[in-house]
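Participant: What follows is the file query.cif, containing mmCIF, C-alpha atoms:
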data_target
#
loop_
_atom_site.label_atom_id
_atom_site.label_comp_id
_atom_site.auth_asym_id
_atom_site.auth_seq_id
_atom_site.Cartn_x
_atom_site.Cartn_y
_atom_site.Cartn_z
CA MET A 1457 31.64 -5.17 37.15
CA VAL A 1458 32.90 -1.60 37.36
CA GLY A 1459 30.78 1.54 37.68
CA GLU A 1460 27.97 3.03 39.72
CA THR A 1461 26.12 0.63 41.98
CA THR A 1462 24.14 3.06 44.17
CA LYS A 1463 22.35 6.32 43.46
CA SER A 1464 20.09 8.80 45.21
CA THR A 1465 17.00 10.05 43.43
CA THR A 1466 13.96 12.21 44.20
CA ASN A 1467 11.78 11.19 41.25
CA GLY A 1468 11.95 7.40 41.51
CA LYS A 1469 14.25 7.03 38.49
CA ALA A 1470 17.94 6.16 38.36
CA VAL A 1471 20.37 5.59 35.48
CA PHE A 1472 23.52 3.52 36.06
CA TYR A 1473 26.62 3.37 33.86
CA ILE A 1474 28.55 0.12 34.29
CA THR A 1475 31.20 -1.92 32.47
CA PHE A 1476 32.23 -5.56 32.76
CA GLU A 1477 35.77 -6.84 33.27
CA THR A 1478 35.11 -10.47 32.34
CA VAL A 1479 33.16 -12.25 29.63
CA GLY A 1480 30.28 -14.61 30.27
CA GLU A 1481 26.74 -14.47 31.58
CA THR A 1482 25.79 -12.30 34.53
CA THR A 1483 22.56 -11.25 36.19
CA LEU A 1484 21.59 -7.67 36.97
CA SER A 1485 19.01 -6.74 39.59
CA ALA A 1486 18.08 -3.60 41.49
CA SER A 1487 16.36 -2.64 44.74
CA SER A 1488 15.68 0.47 46.79
CA ASP A 1489 15.64 1.43 50.45
CA HIS A 1490 11.89 1.93 50.24
CA ASP A 1491 10.61 -1.02 48.21
CA LEU A 1492 6.90 -1.66 48.67
CA ASP A 1493 5.58 -5.16 49.30
CA THR A 1494 3.56 -4.90 46.08
CA ILE A 1495 6.64 -4.33 43.88
CA ASP A 1496 8.08 -7.26 41.93
CA SER A 1497 11.83 -7.09 41.43
CA ILE A 1498 12.79 -8.39 37.98
CA SER A 1499 16.34 -9.46 37.25
CA LYS A 1500 17.90 -9.40 33.80
CA LYS A 1501 20.49 -11.74 32.35
CA VAL A 1502 23.31 -10.15 30.36
CA ASN A 1503 25.76 -11.95 28.07
CA VAL A 1504 29.16 -10.27 27.99
CA ILE A 1505 31.05 -11.49 24.93
CA GLU A 1506 34.34 -10.77 23.22
CA SER A 1507 33.47 -12.42 19.92
CA MET A 1508 30.35 -13.35 17.97
CA CYS A 1509 30.57 -16.88 19.36
CA LEU A 1510 28.29 -17.40 22.37
CA GLU A 1511 29.07 -21.05 23.09
CA THR A 1512 31.93 -23.43 22.33
CA GLN A 1513 32.41 -27.16 22.73
CA ASN A 1514 35.94 -28.58 22.62
CA ASP A 1515 37.17 -25.19 21.43
CA VAL A 1516 34.72 -25.27 18.52
CA CYS A 1517 31.99 -22.63 18.26
CA VAL A 1518 28.50 -24.13 18.31
CA THR A 1519 26.32 -21.03 18.92
CA CYS A 1520 26.64 -17.54 17.43
CA VAL A 1521 25.07 -14.19 18.24
CA PRO A 1522 21.73 -13.44 16.54
CA LEU A 1523 21.96 -12.82 12.77
CA ALA A 1524 25.17 -14.87 12.48
CA ASN A 1525 25.81 -18.40 11.22
CA ILE A 1526 28.79 -20.71 11.64
CA ILE A 1527 30.79 -20.93 8.41
CA ASP A 1528 34.09 -22.85 8.42
CA GLY A 1529 34.14 -22.71 12.21
CA GLN A 1530 33.65 -18.92 12.32
CA CYS A 1531 30.57 -16.82 13.11
CA VAL A 1532 29.67 -14.79 10.03
CA CYS A 1533 26.89 -12.21 9.79
CA VAL A 1534 23.99 -13.25 7.55
CA ASP A 1535 23.26 -11.59 4.21
CA PHE A 1536 22.22 -7.92 4.36
CA SER A 1537 23.81 -7.44 7.79
CA ILE A 1538 27.12 -6.08 9.08
CA GLU A 1539 29.24 -6.69 12.17
CA ILE A 1540 29.17 -3.93 14.79
CA ASN A 1541 30.99 -4.47 18.11
CA VAL A 1542 30.77 -8.30 18.01
CA TYR A 1543 27.10 -8.15 17.04
CA CYS A 1544 25.36 -8.30 13.67
CA GLN A 1545 22.96 -5.59 12.56
CA CYS A 1546 20.72 -5.40 9.50
CA ILE A 1547 21.71 -2.78 6.97
CA ASP A 1548 19.44 0.13 6.03
CA ARG A 1549 16.02 -0.78 4.59
CA TYR A 1550 16.25 -4.29 6.07
CA ILE A 1551 14.75 -5.59 9.31
CA GLN A 1552 15.35 -8.68 11.42
CA GLU A 1553 12.95 -11.59 11.09
CA GLY A 1554 14.11 -14.64 12.99
CA ASN A 1555 17.77 -15.09 12.14
CA GLU A 1556 17.51 -13.29 8.79
CA CYS A 1557 17.49 -9.74 7.48
CA ILE A 1558 14.60 -9.13 5.12
CA MET A 1559 13.67 -6.02 3.17
CA ASN A 1560 11.47 -3.66 5.14
CA CYS A 1561 8.75 -3.30 2.51
CA PHE A 1562 5.06 -2.61 2.06
CA ASN A 1563 2.34 -4.62 0.36
CA SER A 1564 0.86 -1.93 -1.86
CA PHE A 1565 0.05 -0.97 -5.44
CA ASN A 1566 1.80 1.72 -7.43
CA THR A 1567 0.64 3.77 -10.41
CA SER A 1568 1.85 1.25 -12.99
CA ASP A 1569 -0.47 -1.40 -11.48
CA VAL A 1570 -3.72 0.44 -12.29
CA MET A 1571 -5.43 1.88 -15.38
CA GLY A 1572 -8.66 3.76 -16.11
CA TYR A 1573 -10.74 4.25 -19.26
CA TYR A 1574 -14.12 5.48 -20.53
CA ASN A 1575 -16.74 2.82 -21.20
CA ASN A 1576 -18.75 2.66 -24.44
CA ASP A 1577 -21.80 4.28 -22.84
CA TYR A 1578 -19.68 7.42 -22.19
CA LYS A 1579 -21.47 7.71 -18.83
CA SER A 1580 -19.09 5.54 -16.81
CA ILE A 1581 -15.38 5.00 -16.17
CA SER A 1582 -13.77 1.67 -15.32
CA ILE A 1583 -10.66 1.35 -13.13
CA GLU A 1584 -8.75 -1.93 -13.34
CA PHE A 1585 -5.95 -3.22 -11.10
CA GLU A 1586 -3.18 -5.57 -12.15
CA SER A 1587 -4.21 -8.12 -9.52
CA ASP A 1588 -6.99 -8.82 -7.01
CA VAL A 1589 -7.66 -6.21 -4.33
CA VAL A 1590 -8.35 -7.12 -0.69
CA GLU A 1591 -10.87 -4.27 -0.28
CA SER A 1592 -12.94 -5.35 -3.32
CA SER A 1593 -15.38 -7.05 -0.93
CA GLU A 1594 -16.63 -3.61 0.13
CA SER A 1595 -20.10 -2.70 -1.16
CA SER A 1596 -19.02 0.78 -2.27
CA CYS A 1597 -15.77 2.39 -3.40
CA PHE A 1598 -16.75 6.04 -2.76
CA SER A 1599 -14.23 6.32 0.09
CA ARG A 1600 -11.41 4.95 -2.09
CA ILE A 1601 -11.38 7.65 -4.79
CA THR A 1602 -10.81 11.40 -5.10
CA LEU A 1603 -12.16 12.97 -8.30
CA PRO A 1604 -11.82 16.33 -10.08
CA ASP A 1605 -14.75 18.67 -9.40
CA TYR A 1606 -16.45 18.02 -12.76
CA LEU A 1607 -16.51 14.23 -12.31
CA ASN A 1608 -17.34 14.46 -8.62
CA TYR A 1609 -20.40 16.63 -9.36
CA LEU A 1610 -21.82 14.08 -11.82
CA LEU A 1611 -20.86 10.91 -9.91
CA THR A 1612 -23.85 8.80 -8.83
CA GLU A 1613 -22.32 5.42 -8.01
CA CYS A 1614 -18.96 3.80 -7.30
CA LYS A 1615 -18.85 0.05 -6.84
CA TRP A 1616 -16.56 -2.94 -7.29
CA LYS A 1617 -17.58 -4.92 -10.36
CA SER A 1618 -14.98 -7.65 -9.73
CA SER A 1619 -12.12 -8.48 -7.37
CA LYS A 1620 -9.79 -6.24 -9.37
CA ALA A 1621 -12.00 -3.63 -11.02
CA MET A 1622 -14.29 -0.80 -9.97
CA ILE A 1623 -16.80 1.16 -12.03
CA LEU A 1624 -17.74 4.82 -11.63
CA LYS A 1625 -21.19 5.77 -12.94
CA PHE A 1626 -22.24 9.33 -13.75
CA ASP A 1627 -25.50 11.22 -14.15
CA SER A 1628 -24.98 12.18 -17.81
CA ILE A 1629 -22.72 11.61 -20.79
CA LEU A 1630 -19.21 12.85 -19.98
CA ASN A 1631 -17.20 15.30 -22.08
CA GLY A 1632 -14.46 12.78 -22.90
CA ASN A 1633 -11.61 14.93 -21.55
CA GLU A 1634 -8.49 13.55 -19.85
CA TYR A 1635 -8.79 13.37 -16.06
CA ASN A 1636 -6.52 12.47 -13.15
CA ILE A 1637 -8.05 10.32 -10.43
CA GLU A 1638 -6.45 9.73 -7.04
CA LEU A 1639 -6.98 6.35 -5.39
CA ASP A 1640 -6.56 5.38 -1.76
CA SER A 1641 -2.91 4.30 -1.42
CA SER A 1642 -3.85 1.84 1.34
CA LEU A 1643 -5.59 -0.46 -1.18
CA THR A 1644 -3.93 -3.84 -0.70
CA PRO A 1645 -2.97 -6.51 -3.27
CA VAL A 1646 -4.14 -10.05 -2.45
CA ASN A 1647 -0.90 -11.37 -3.95
CA GLU A 1648 1.68 -9.67 -1.76
CA LYS A 1649 4.07 -7.18 -3.32
CA CYS A 1650 7.21 -5.84 -1.66
CA ARG A 1651 7.51 -2.08 -2.20
CA GLU A 1652 10.25 -0.04 -0.59
CA GLN A 1653 7.71 2.67 0.20
CA ILE A 1654 4.02 3.47 -0.16
CA TYR A 1655 3.45 5.56 -3.27
CA PHE A 1656 0.65 7.97 -4.13
CA LEU A 1657 -1.77 5.96 -6.24
CA ASN A 1658 -2.80 8.18 -9.15
CA LEU A 1659 -4.06 7.28 -12.60
CA THR A 1660 -4.84 9.19 -15.77
CA VAL A 1661 -8.01 8.45 -17.72
CA PRO A 1662 -7.06 9.25 -21.34
CA SER A 1663 -9.30 11.51 -23.37
CA ILE A 1664 -11.57 10.10 -26.07
CA GLU A 1665 -13.36 11.58 -29.07
CA LEU A 1666 -17.09 11.35 -28.55
CA PRO A 1667 -19.00 9.97 -31.56
CA MET A 1668 -20.95 12.48 -33.65
CA PRO A 1669 -24.28 11.38 -35.18
CA GLU A 1670 -24.52 11.36 -38.98
CA LEU A 1671 -27.77 12.29 -40.71
CA SER A 1672 -28.99 12.02 -44.27
CA LEU A 1673 -32.67 12.92 -44.34
CA ASP A 1674 -35.07 11.65 -46.98
CA GLY A 1675 -38.50 13.21 -47.44
CA PRO A 1676 -40.55 15.45 -49.73
CA THR A 1677 -39.12 18.91 -50.37
CA LEU A 1678 -42.60 20.43 -50.37
CA HIS A 1679 -45.79 19.06 -48.89
CA HIS A 1680 -49.16 20.63 -48.06
CA LEU A 1681 -50.83 19.37 -44.92
CA TYR A 1682 -54.60 19.55 -45.01
CA CYS A 1683 -56.89 19.47 -42.05
CA GLY A 1684 -57.32 15.95 -40.80
CA ASN A 1685 -55.12 13.06 -39.69
CA GLU A 1686 -52.56 13.25 -42.47
CA SER A 1687 -48.90 13.14 -41.26
CA LEU A 1688 -45.49 13.82 -42.76
CA SER A 1689 -42.64 11.27 -42.39
CA VAL A 1690 -38.92 12.09 -42.63
CA PHE A 1691 -36.29 9.30 -42.44
CA ASN A 1692 -32.58 9.12 -41.68
CA ILE A 1693 -31.47 6.81 -44.48
CA LEU A 1694 -28.17 6.08 -42.61
CA ASP A 1695 -30.13 4.40 -39.83
CA SER A 1696 -31.57 1.10 -41.01
CA SER A 1697 -33.93 0.96 -38.04
CA ASP A 1698 -35.90 3.90 -39.50
CA ILE A 1699 -36.64 2.08 -42.75
#
Turn the structure described in the file into structure tokens.

Facilitator:
Amino acid sequence: MVGETTKSTTNGKAVFYITFETVGETTLSASSDHDLDTIDSISKKVNVIESMCLETQNDVCVTCVPLANIIDGQCVCVDFSIEINVYCQCIDRYIQEGNECIMNCFNSFNTSDVMGYYNNDYKSISIEFESDVVESSESSCFSRITLPDYLNYLLTECKWKSSKAMILKFDSILNGNEYNIELDSSLTPVNEKCREQIYFLNLTVPSIELPMPELSLDGPTLHHLYCGNESLSVFNILDSSDI
């Protein structure tokens, strides 16, 4: 070992720069001139290697560095990793899990996984997800949505109606306009998805044309009402319930 082996310090910290002249396993430890009895000195084992092979038997490699496998007698970095100074390192957007490099991803929805629409009562909006949502067990979904001012003013209830759908109920019939609704991007799919990043979770509720009532009234054109209990009836002949 070549380099600094002693240092003076006034703040209790010391940084050493050392190099090794031989390969193999060595143990590093440190102590001070004023060690307290309560201090535990911890040593650290260091493997100094000149290739990705850590162990050989009869001149044949039997153990490689992490993230490398033996292929045709040689240590080769696993998929999605590259060799850097006799070690293997996962490439960008991948992380080490065991002896593999897997994509560093997030279990989340994106905009294409969700849709919203007006219901037939015109006083509620349904929001449906492509798959089951972990948070659907919550009693309310108020904290999971951000609405435009008009919808927010009329909103009376937000609840999960199934494991992959929520319903927003309002105080009166809505105007049928198109609206953008922002959902909590931390909503989690039960069936795991692997997204490269967490996206803003926005949806557009398309506009609808509200139905207009049709009337065709049937009744006398002229009628004199005398004192008493006599009444005048007028019917909408397009509504069979009035006949």

Participant: Evaluating the PyMOL selection byres ((chain A and resi 1592) around 8) on the displayed file yields which residues, as a PDB file with C-alpha atoms, in the frame of the given file?

Facilitator:
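Contents of the output file selection.pdb:
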ATOM      1  CA  ASP A1588      -6.990  -8.820  -7.010  1.00  0.00           C
ATOM      2  CA  VAL A1589      -7.660  -6.210  -4.330  1.00  0.00           C
ATOM      3  CA  VAL A1590      -8.350  -7.120  -0.690  1.00  0.00           C
ATOM      4  CA  GLU A1591     -10.870  -4.270  -0.280  1.00  0.00           C
ATOM      5  CA  SER A1593     -15.380  -7.050  -0.930  1.00  0.00           C
ATOM      6  CA  GLU A1594     -16.630  -3.610   0.130  1.00  0.00           C
ATOM      7  CA  SER A1595     -20.100  -2.700  -1.160  1.00  0.00           C
ATOM      8  CA  TRP A1616     -16.560  -2.940  -7.290  1.00  0.00           C
ATOM      9  CA  SER A1618     -14.980  -7.650  -9.730  1.00  0.00           C
ATOM     10  CA  SER A1619     -12.120  -8.480  -7.370  1.00  0.00           C
ATOM     11  CA  LYS A1620      -9.790  -6.240  -9.370  1.00  0.00           C
ATOM     12  CA  ALA A1621     -12.000  -3.630 -11.020  1.00  0.00           C
TER      13      ALA A1621
END

Participant: Counting all atoms listed in the file, which of A:Tyr1473, A:Phe1656, A:Leu1603, A:Leu1666 gets nearest to Asn1576 of chain A?

Facilitator: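 Of all the options, A:Leu1666 lies closest to Asn1576 of chain A.
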
Participant: Specify as a PyMOL selection string each residue included when the PyMOL selection byres ((chain A and resi 1579-1586) around 9) is applied to this file.

Facilitator: chain A and resi 1565+1568-1578+1587-1589+1611+1619-1630+1645+1659+1661

Participant: Apply the PyMOL selection byres ((chain A and resi 1484) around 8) to the displayed file and report the matching residues as a PDB file with C-alpha atoms, in the coordinates of the input.

Facilitator:
ATOM      1  CA  THR A1482      25.790 -12.300  34.530  1.00  0.00           C
ATOM      2  CA  THR A1483      22.560 -11.250  36.190  1.00  0.00           C
ATOM      3  CA  SER A1485      19.010  -6.740  39.590  1.00  0.00           C
ATOM      4  CA  ALA A1486      18.080  -3.600  41.490  1.00  0.00           C
ATOM      5  CA  SER A1499      16.340  -9.460  37.250  1.00  0.00           C
ATOM      6  CA  LYS A1500      17.900  -9.400  33.800  1.00  0.00           C
ATOM      7  CA  LYS A1501      20.490 -11.740  32.350  1.00  0.00           C
ATOM      8  CA  VAL A1502      23.310 -10.150  30.360  1.00  0.00           C
TER       9      VAL A1502
END

Participant: From the set A:Lys1469, A:Ser1689, A:Asn1563, A:Gln1530, which residue has the shortest atom-to-atom contact distance to Val1516 of chain A, counting only C-alpha atoms?

Facilitator: A:Gln1530

Participant: Go through A:Asn1566, A:Leu1639, A:Val1690, A:Ser1596 and flag the residue nearest Pro1676 of chain A, using all atoms listed in the file for the distances.

Facilitator: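 The answer is A:Val1690, which sits nearest to Pro1676 of chain A.
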
Participant: How many Å separate atom CA of Thr1567 of chain A from atom CA of Asp1548 of chain A?

Facilitator: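 Those two atoms sit 25.2 Å apart.
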